[in-house]
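**Q** Attaching a single structure in structure tokens format; questions to follow.
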Amino acid sequence: MRVEIDKQSGFCGGVIRAIGTAERFLDEHGGSLYSLGAIVHNEEELARLNSLGLETISIADLPELASASEQKTLLIRAHGEPPAVYQQVSSLGFDLIDCTCPVVLGLQKQIREAYARTKPAGGKVIIYGKEGHPEVLGLVGQVDGDVIVVQTTAQLEALKAVDEFAFDRPVELFSQTTMSPVGYEAIAEYLASKMPESLLLIHRTICSQVASRHKQLVEFARSHDVIVFVAGSSSSNGKVLYDLCKKENARTYHIGSPSEIDPAWFLTSDFVGICGATSTPKWLLDQVASAISRL
Ligand code: SF4
């Protein structure tokens, strides 16, 4: 059995930057560092970082930690946070390490600017994204939640029916950085088919690292007999990319760690491809490849 790891799989730039910053801090200062939410949606990598001193906390933990702990440094992950969270963190006296990805920071700014343009004209900002996803919470928080978040054209039609937005008023469309380019195109085409061109502004905000991975993964999935897709169960990007591989190659299997590999998936003549999400560490892909090679 031949085994190949997808060269483009592994952390995106934003996650590499956040994890590198946390590791440097812990190396230089020792002790512990709080991360507001999981720094990466991968249980195996979180366990590794936790052993170095990175503790994942939630917003609800902040008041108690602020009063109980001497060490009060808090890391904001690549997804970013809404302004209200920055205010709360600073009022509680935490030192802040802001690892919001520069691409996400740019998107937050674009949304504030689009809101300032559309709101006075009775228009709307629409975000193609996953409701409740941390990056989306950070985006909608830029404008006090006064935006529409959808994943399907059916949702848009339902919102149009109750006058949440209008085809004769300005609309500016954005995407969460990790969404499917194909899904975004469907939303963009739907709006373009209903609205005058002059009233619709479509912003291309899917991260270029994600968009190029979509194209390349289609080829990767087609050129292998079996695909083993490695991603944490809470990775939204992992879900999207797994679905993409499964569509191209029916013999695609999703695992979180090498212990979930089932030998029954493979024939000795198979060429096996191993790939993952923007939150899957390279060391985990290597472990999976070794485990399959030993079968
Ligand atoms: S997917 Fe792109 S935009 Fe999102 S955190 Fe990673 S590098 Fe930044």
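The chains in the structure tokens are called A, B, ... from first to last as shown; in each chain the residues are counted from 1, and the ligands are counted from 1 in the order shown.
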Within 10 Å of ligand 1, counting only C-alpha atoms and all ligand atoms, which protein or nucleic acid residues do you find, written as a VMD selection string?
**A** chain A and resid 11 to 18 40 77 to 80 99 to 107 135 176 to 179 205 to 211 237 277 to 279
**Q** Would you kindly return, as a VMD selection string, each protein, DNA or RNA residue with an atom no farther than 12 Å from any atom of A:Ser51, considering only C-alpha atoms and excluding same-chain residues fewer than 4 positions away?
**A** chain A and resid 23 26 30 to 33 44 to 47 55 to 56
**Q** Calculate how many Å separate atom CA of A:Glu113 from atom CA of A:Gly138, rounding to one decimal.
**A** 15.0 Å
**Q** Need the shell around stretch 81-95 of chain A: protein/DNA/RNA residues with any atom at most 12 Å away, counting only C-alpha atoms. Skip same-chain ones fewer than 3 positions apart. Format as a ChimeraX atom specification?
**A** /A:33-37,58-78,98-101,104-105,108-109,112,133-145
**Q** Restricting the output to C-alpha atoms, write the selected residues as a tab-separated table (two decimals), in the first residue's frame.
**A**
chain	number	residue	atom	x	y	z
A	33	LEU	CA	-1.53	31.35	29.56
A	34	TYR	CA	-5.28	31.56	29.07
A	35	SER	CA	-6.76	31.18	25.61
A	36	LEU	CA	-10.25	32.61	25.14
A	37	GLY	CA	-11.80	29.64	23.34
A	58	SER	CA	-14.64	30.74	28.11
A	59	ILE	CA	-16.02	34.25	28.52
A	60	ALA	CA	-18.08	33.03	31.49
A	61	ASP	CA	-14.82	32.13	33.31
A	62	LEU	CA	-13.34	35.64	33.05
A	63	PRO	CA	-14.76	37.31	36.22
A	64	GLU	CA	-13.76	34.43	38.49
A	65	LEU	CA	-10.27	34.13	36.97
A	66	ALA	CA	-9.74	37.88	37.23
A	67	SER	CA	-10.34	37.81	40.99
A	68	ALA	CA	-8.68	34.47	41.76
A	69	SER	CA	-5.58	34.41	39.62
A	70	GLU	CA	-2.35	36.36	39.85
A	71	GLN	CA	-1.31	35.45	36.32
A	72	LYS	CA	-3.75	37.18	34.06
A	73	THR	CA	-2.50	37.02	30.49
A	74	LEU	CA	-5.14	36.18	27.94
A	75	LEU	CA	-4.70	35.24	24.30
A	76	ILE	CA	-7.28	36.13	21.65
A	77	ARG	CA	-7.17	33.46	18.96
A	78	ALA	CA	-7.01	33.87	15.15
A	98	ASP	CA	-4.10	39.61	20.41
A	99	CYS	CA	-3.56	36.86	17.81
A	100	THR	CA	-6.50	37.81	15.60
A	101	CYS	CA	-5.45	36.85	12.07
A	104	VAL	CA	-9.86	38.53	9.83
A	105	LEU	CA	-8.99	41.98	11.20
A	108	GLN	CA	-13.93	43.12	10.49
A	109	LYS	CA	-12.94	46.58	9.24
A	112	ARG	CA	-17.85	48.17	9.74
A	133	HIS	CA	-19.01	30.26	14.73
A	134	PRO	CA	-16.41	32.27	16.71
A	135	GLU	CA	-15.19	34.21	13.66
A	136	VAL	CA	-18.80	35.07	12.76
A	137	LEU	CA	-19.52	36.23	16.32
A	138	GLY	CA	-16.52	38.55	16.01
A	139	LEU	CA	-17.79	39.85	12.66
A	140	VAL	CA	-21.40	40.49	13.66
A	141	GLY	CA	-20.19	42.11	16.89
A	142	GLN	CA	-18.50	44.85	14.82
A	143	VAL	CA	-21.95	46.29	14.08
A	144	ASP	CA	-23.90	45.23	17.18
A	145	GLY	CA	-25.36	42.20	15.43
**Q** Need to verify the contact set: A:Ile274, 7 Å, only C-alpha atoms, exclusion of same-chain residues closer than 6 positions in sequence. Can you return it as a list of chain:residue names?
**A** A:Glu4, A:Ile5, A:Asp6, A:Ile227, A:Val228, A:Phe229, A:Leu285, A:Ala289
**Q** Print the selection's residues with C-alpha atoms to a file, as an mmCIF file, in the first residue's frame.
**A**
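Final output, again_10.cif:
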data_model
loop_
_atom_site.group_PDB
_atom_site.id
_atom_site.type_symbol
_atom_site.label_atom_id
_atom_site.label_comp_id
_atom_site.auth_asym_id
_atom_site.auth_seq_id
_atom_site.Cartn_x
_atom_site.Cartn_y
_atom_site.Cartn_z
ATOM 1 C CA GLU A 4 0.936 10.086 0.518
ATOM 2 C CA ILE A 5 0.346 13.133 2.729
ATOM 3 C CA ASP A 6 -1.185 16.167 1.028
ATOM 4 C CA ILE A 227 -8.720 9.360 1.405
ATOM 5 C CA VAL A 228 -8.178 9.566 5.147
ATOM 6 C CA PHE A 229 -9.271 13.016 6.255
ATOM 7 C CA LEU A 285 -0.866 13.748 9.625
ATOM 8 C CA ALA A 289 0.577 8.058 7.669
#
**Q** In Å, rounded to a single decimal, give me how far atom CA of A:Ser175 is from atom CA of A:Lys194.
**A**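 So the answer is 19.1 Å.
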**Q** Which one is closest to A:Phe220: A:Ser9, A:Leu173, A:Gly238, A:Glu157? Count only C-alpha atoms.
**A** A:Ser9
